[in-house]
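What follows is a short report on a single structure.
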Amino acid sequence: MNLSFNYFLESQSSMKSTALVKRSSSQVTDQAVEIIHERIQNGIYPVGSALPSQRELSSELGISRASLREALTRLAALGLLNIMAGKGAYVTALESQPVEQWNIQFKISLKDFYQLRYILEGFSALLACEYISDHDIETLNQHFQQLKAAIEAHHWTEAAEHDFLFHQLIIGLSNNQSIIQSLKNQTDWMKQSQILPFVQPNLAYKTVQEHEQILQALSQRNAAAAEKAMRLHIVGAAQRAGVYFSSHSV
C-alpha cells in the first residue's frame, strides 16, 4: 500500500473520528467500531498486530475509555480482536465470524445481500403504507411482540423466525410482484441474514427498538418514515453481523 493511499485512509478515519464527539453514546460506539473495522480491513491494523493503547486510541477518536472498551468488546465478539488482560487488543481476522460463516455457504457476499435488502425492503415498507389494513397492523404487532419475547428470553432461533415473518408480511404488503418474487427466491439467505446479527446478544435490544419504529411508521401510514425506519434497521442489522456500508437514508 503506497503512502498516498495510506494518507487517504487515515484522513478518512480522522474525518470520521472528529464527528464522534457530536453523537450520542451509542452512536459514538457504533462509529468507533466502524472506524476500527475499516482500519483492520484496509491493513492499517494488520492481522496479528496490536492496536494502539486504549489511552492513545480513545484520545485519537475523541471518545471516552468506556465507549472505546465497548467498541473493542463488540469487535472481539465478532471474532476480529483478541483482548488480552494487561497486554492490549490484537487483530485476529479481517472479517467477522458471521461474514465467514456466510461466505462458506453462499455465492454472494453478505454485504451485497444486506445492500439488496436495504433497497428492496426499504421500498417495500414505503409501498406497504398504501395497502396496509388495521388487520395487517395487528398481525405485525403480534410478530413484533413474539420477536420481543424471544429476544428477552435469548431464544435466538425463535427470534429470527418472528423477525422473518415480520419482514415477509411487509414485503407482501408492497404488492410489487417483482420484489416479492426476487426475495421469495432467496428465502434461505433471508433467514440466515436475520439470525446472524444475534451473534452479539447484548445488542439484541436494538432489533426490538428498530422494529418498533418500523411498526409505528406503518401504523401511521407514513411512507417516508417507514422507508427510513426499515433502511436504518437493515443497516443496523448488518453492522451487528460485522458488515458496514454507506447508507442514504434521509
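We name chains A, B, ... following the order of the C-alpha cells; residues begin at 1 in each chain, and ligands are numbered from 1 as shown.
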
Check which residues of stretch 88-195 of chain A sit at most 10 Å from stretch 207-210 of chain A using only C-alpha atoms, and return one row each with the closest pair of atoms and their distance in Å to one decimal, ordered by chain and rising number, as a Markdown table.
```
| residue | atom | partner | partner_atom | distance |
| --- | --- | --- | --- | --- |
| A:Phe144 | CA | A:Val208 | CA | 7.8 |
| A:Gln145 | CA | A:Val208 | CA | 9.1 |
| A:Leu147 | CA | A:Val208 | CA | 7.6 |
| A:Lys148 | CA | A:Val208 | CA | 6.0 |
| A:Ala149 | CA | A:Val208 | CA | 9.6 |
| A:Ile151 | CA | A:Val208 | CA | 8.1 |
| A:Glu152 | CA | A:Val208 | CA | 9.6 |
| A:Ala159 | CA | A:Thr207 | CA | 9.9 |
| A:Asp163 | CA | A:Thr207 | CA | 9.0 |
```

- request: Run DSSP on the backbone and grab whatever in stretch 44-202 of chain A lands in alpha helix (DSSP H); send it over as a PyMOL selection string.
  value: chain A and resi 54-61+65-77+97-105+110-131+134-152+156-173+177-184+187-195

Any chance you could export the current selection's C-alpha atoms as an mmCIF file, in the first residue's frame?
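Saved result, result-v3.cif, follows:
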```
data_model
loop_
_atom_site.group_PDB
_atom_site.id
_atom_site.type_symbol
_atom_site.label_atom_id
_atom_site.label_comp_id
_atom_site.auth_asym_id
_atom_site.auth_seq_id
_atom_site.Cartn_x
_atom_site.Cartn_y
_atom_site.Cartn_z
ATOM 1 C CA GLN A 54 -6.670 2.399 24.807
ATOM 2 C CA ARG A 55 -5.362 5.739 26.037
ATOM 3 C CA GLU A 56 -3.904 6.590 22.623
ATOM 4 C CA LEU A 57 -6.884 5.287 20.646
ATOM 5 C CA SER A 58 -9.546 6.960 22.793
ATOM 6 C CA SER A 59 -7.655 10.258 22.518
ATOM 7 C CA GLU A 60 -7.309 9.931 18.739
ATOM 8 C CA LEU A 61 -11.009 9.101 18.259
ATOM 9 C CA ARG A 65 -12.374 4.951 27.541
ATOM 10 C CA ALA A 66 -15.744 3.374 28.386
ATOM 11 C CA SER A 67 -17.071 3.862 24.826
ATOM 12 C CA LEU A 68 -13.816 2.529 23.392
ATOM 13 C CA ARG A 69 -13.875 -0.550 25.627
ATOM 14 C CA GLU A 70 -17.430 -1.273 24.490
ATOM 15 C CA ALA A 71 -16.354 -0.938 20.835
ATOM 16 C CA LEU A 72 -13.407 -3.302 21.378
ATOM 17 C CA THR A 73 -15.640 -5.798 23.175
ATOM 18 C CA ARG A 74 -18.045 -5.803 20.233
ATOM 19 C CA LEU A 75 -15.207 -6.357 17.767
ATOM 20 C CA ALA A 76 -13.942 -9.216 19.928
ATOM 21 C CA ALA A 77 -17.439 -10.762 19.920
ATOM 22 C CA GLN A 97 -17.246 -14.723 12.152
ATOM 23 C CA PRO A 98 -20.781 -14.185 10.754
ATOM 24 C CA VAL A 99 -19.310 -12.982 7.454
ATOM 25 C CA GLU A 100 -17.006 -16.005 7.270
ATOM 26 C CA GLN A 101 -19.912 -18.317 8.121
ATOM 27 C CA TRP A 102 -21.994 -16.741 5.352
ATOM 28 C CA ASN A 103 -19.203 -16.871 2.775
ATOM 29 C CA ILE A 104 -18.812 -20.604 3.278
ATOM 30 C CA GLN A 105 -22.497 -21.245 2.483
ATOM 31 C CA LEU A 110 -23.144 -10.845 2.964
ATOM 32 C CA LYS A 111 -22.545 -7.162 2.295
ATOM 33 C CA ASP A 112 -24.102 -7.450 -1.166
ATOM 34 C CA PHE A 113 -27.165 -9.184 0.257
ATOM 35 C CA TYR A 114 -27.707 -6.616 3.001
ATOM 36 C CA GLN A 115 -27.446 -3.879 0.377
ATOM 37 C CA LEU A 116 -30.094 -5.680 -1.706
ATOM 38 C CA ARG A 117 -32.343 -5.871 1.350
ATOM 39 C CA TYR A 118 -31.690 -2.196 2.080
ATOM 40 C CA ILE A 119 -33.042 -1.191 -1.335
ATOM 41 C CA LEU A 120 -35.893 -3.679 -1.770
ATOM 42 C CA GLU A 121 -37.206 -3.803 1.788
ATOM 43 C CA GLY A 122 -36.945 -0.063 2.269
ATOM 44 C CA PHE A 123 -39.085 0.460 -0.833
ATOM 45 C CA SER A 124 -41.436 -2.335 0.266
ATOM 46 C CA ALA A 125 -42.090 -0.519 3.552
ATOM 47 C CA LEU A 126 -42.837 2.660 1.630
ATOM 48 C CA LEU A 127 -45.279 0.888 -0.710
ATOM 49 C CA ALA A 128 -46.912 -1.046 2.146
ATOM 50 C CA CYS A 129 -48.296 2.180 3.598
ATOM 51 C CA GLU A 130 -50.651 2.394 0.627
ATOM 52 C CA TYR A 131 -52.149 -1.058 1.164
ATOM 53 C CA ASP A 134 -55.759 -2.485 10.502
ATOM 54 C CA HIS A 135 -55.740 -6.291 10.497
ATOM 55 C CA ASP A 136 -52.251 -6.278 8.929
ATOM 56 C CA ILE A 137 -51.028 -3.892 11.625
ATOM 57 C CA GLU A 138 -52.448 -6.200 14.296
ATOM 58 C CA THR A 139 -50.639 -9.175 12.718
ATOM 59 C CA LEU A 140 -47.378 -7.212 12.509
ATOM 60 C CA ASN A 141 -47.752 -6.265 16.158
ATOM 61 C CA GLN A 142 -48.225 -9.928 17.088
ATOM 62 C CA HIS A 143 -44.975 -10.837 15.286
ATOM 63 C CA PHE A 144 -43.280 -7.886 16.980
ATOM 64 C CA GLN A 145 -44.426 -8.956 20.451
ATOM 65 C CA GLN A 146 -43.308 -12.553 19.780
ATOM 66 C CA LEU A 147 -39.954 -11.287 18.495
ATOM 67 C CA LYS A 148 -39.524 -9.129 21.598
ATOM 68 C CA ALA A 149 -40.397 -12.015 23.937
ATOM 69 C CA ALA A 150 -37.986 -14.378 22.165
ATOM 70 C CA ILE A 151 -35.160 -11.848 22.387
ATOM 71 C CA GLU A 152 -35.839 -11.205 26.076
ATOM 72 C CA TRP A 156 -32.317 -16.567 19.043
ATOM 73 C CA THR A 157 -33.648 -19.081 16.517
ATOM 74 C CA GLU A 158 -37.224 -18.279 17.533
ATOM 75 C CA ALA A 159 -36.442 -14.554 17.399
ATOM 76 C CA ALA A 160 -35.049 -14.908 13.895
ATOM 77 C CA GLU A 161 -38.201 -16.753 12.783
ATOM 78 C CA HIS A 162 -40.517 -13.998 14.028
ATOM 79 C CA ASP A 163 -38.170 -11.429 12.512
ATOM 80 C CA PHE A 164 -38.518 -13.255 9.184
ATOM 81 C CA LEU A 165 -42.342 -13.327 9.409
ATOM 82 C CA PHE A 166 -42.470 -9.625 10.274
ATOM 83 C CA HIS A 167 -40.377 -8.740 7.225
ATOM 84 C CA GLN A 168 -42.185 -11.154 4.904
ATOM 85 C CA LEU A 169 -45.534 -9.584 5.705
ATOM 86 C CA ILE A 170 -44.213 -6.122 4.854
ATOM 87 C CA ILE A 171 -42.680 -7.394 1.608
ATOM 88 C CA GLY A 172 -46.042 -8.968 0.687
ATOM 89 C CA LEU A 173 -47.875 -5.735 1.501
ATOM 90 C CA GLN A 177 -44.556 -8.859 -7.563
ATOM 91 C CA SER A 178 -41.022 -8.262 -8.791
ATOM 92 C CA ILE A 179 -39.795 -7.547 -5.251
ATOM 93 C CA ILE A 180 -41.903 -10.343 -3.753
ATOM 94 C CA GLN A 181 -40.587 -12.983 -6.180
ATOM 95 C CA SER A 182 -36.993 -11.741 -6.003
ATOM 96 C CA LEU A 183 -36.867 -12.144 -2.224
ATOM 97 C CA LYS A 184 -39.038 -15.284 -2.181
ATOM 98 C CA THR A 187 -35.707 -17.323 1.489
ATOM 99 C CA ASP A 188 -32.748 -19.285 2.897
ATOM 100 C CA TRP A 189 -30.498 -16.249 2.515
ATOM 101 C CA MET A 190 -33.106 -14.053 4.199
ATOM 102 C CA LYS A 191 -33.442 -16.370 7.188
ATOM 103 C CA GLN A 192 -29.688 -16.704 7.604
ATOM 104 C CA SER A 193 -29.120 -12.956 7.379
ATOM 105 C CA GLN A 194 -31.736 -12.454 10.107
ATOM 106 C CA ILE A 195 -30.105 -14.754 12.652
#
```

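Closest to A:Gln200 among A:Gln239, A:Gln41, A:Asn176, A:Thr29 is A:Gln239, based on only C-alpha atoms.
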
field: Point-to-point distance in Å for atom CA of A:Val199 and atom CA of A:Met84
entry: 20.8 Å

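Atom to atom, atom CA of A:Ser53 and atom CA of A:Gly88 stand 6.7 Å apart.
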
- request: Would you please extract all strand (DSSP E) residues from stretch 5-237 of chain A, as assigned by DSSP on the backbone, and give them as a VMD selection string?
  value: chain A and resid 81 to 84 88 to 91

Suppose we keep N, CA and C atoms; can you now write the selection as an mmCIF file, in the first residue's frame?
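So again_34.cif came out as:
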```cif
data_model
loop_
_atom_site.group_PDB
_atom_site.id
_atom_site.type_symbol
_atom_site.label_atom_id
_atom_site.label_comp_id
_atom_site.auth_asym_id
_atom_site.auth_seq_id
_atom_site.Cartn_x
_atom_site.Cartn_y
_atom_site.Cartn_z
ATOM 1 N N LEU A 81 -11.009 -9.347 17.096
ATOM 2 C CA LEU A 81 -9.963 -8.991 18.058
ATOM 3 C C LEU A 81 -9.858 -10.048 19.153
ATOM 4 N N ASN A 82 -8.678 -10.116 19.746
ATOM 5 C CA ASN A 82 -8.462 -10.897 20.955
ATOM 6 C C ASN A 82 -7.949 -9.925 22.000
ATOM 7 N N ILE A 83 -8.733 -9.717 23.051
ATOM 8 C CA ILE A 83 -8.357 -8.769 24.094
ATOM 9 C C ILE A 83 -7.667 -9.533 25.214
ATOM 10 N N MET A 84 -6.404 -9.214 25.455
ATOM 11 C CA MET A 84 -5.593 -9.909 26.452
ATOM 12 C C MET A 84 -5.349 -8.967 27.629
ATOM 13 N N GLY A 88 -3.257 -5.749 25.948
ATOM 14 C CA GLY A 88 -3.889 -4.994 24.878
ATOM 15 C C GLY A 88 -4.750 -5.842 23.974
ATOM 16 N N ALA A 89 -5.169 -5.245 22.851
ATOM 17 C CA ALA A 89 -6.043 -5.916 21.883
ATOM 18 C C ALA A 89 -5.261 -6.240 20.614
ATOM 19 N N TYR A 90 -5.402 -7.468 20.136
ATOM 20 C CA TYR A 90 -4.687 -7.925 18.952
ATOM 21 C C TYR A 90 -5.676 -8.315 17.852
ATOM 22 N N VAL A 91 -5.327 -7.979 16.617
ATOM 23 C CA VAL A 91 -6.196 -8.289 15.480
ATOM 24 C C VAL A 91 -6.062 -9.770 15.140
#
```

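Using only C-alpha atoms, the smallest distance between any of A:Ala226, A:Arg221, A:Ala238, A:Asn175 and A:Phe198 comes from A:Ala238.
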
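In terms of minimum interatomic distance to A:Ala241, A:Ser96 ranks closest within A:Ser133, A:Ser96, A:Gln27, A:Ser174, counting only C-alpha atoms.
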
Distance query A:Val47 at most 12 Å, only C-alpha atoms, self and fewer than 2 positions along chain excluded, as an MDAnalysis selection string: chainID A and resid 37 39:45 49:51 79:82 89:95

query: atom CA of A:Gln31 and atom CA of A:Pro201 are how many Å apart?
result: 19.0 Å

query: Hey, what's within 10 Å of A:Leu203 if we count only C-alpha atoms and toss same-chain stuff fewer than 6 positions away? As a ChimeraX atom specification, please?
result: /A:74,197,236-237,240
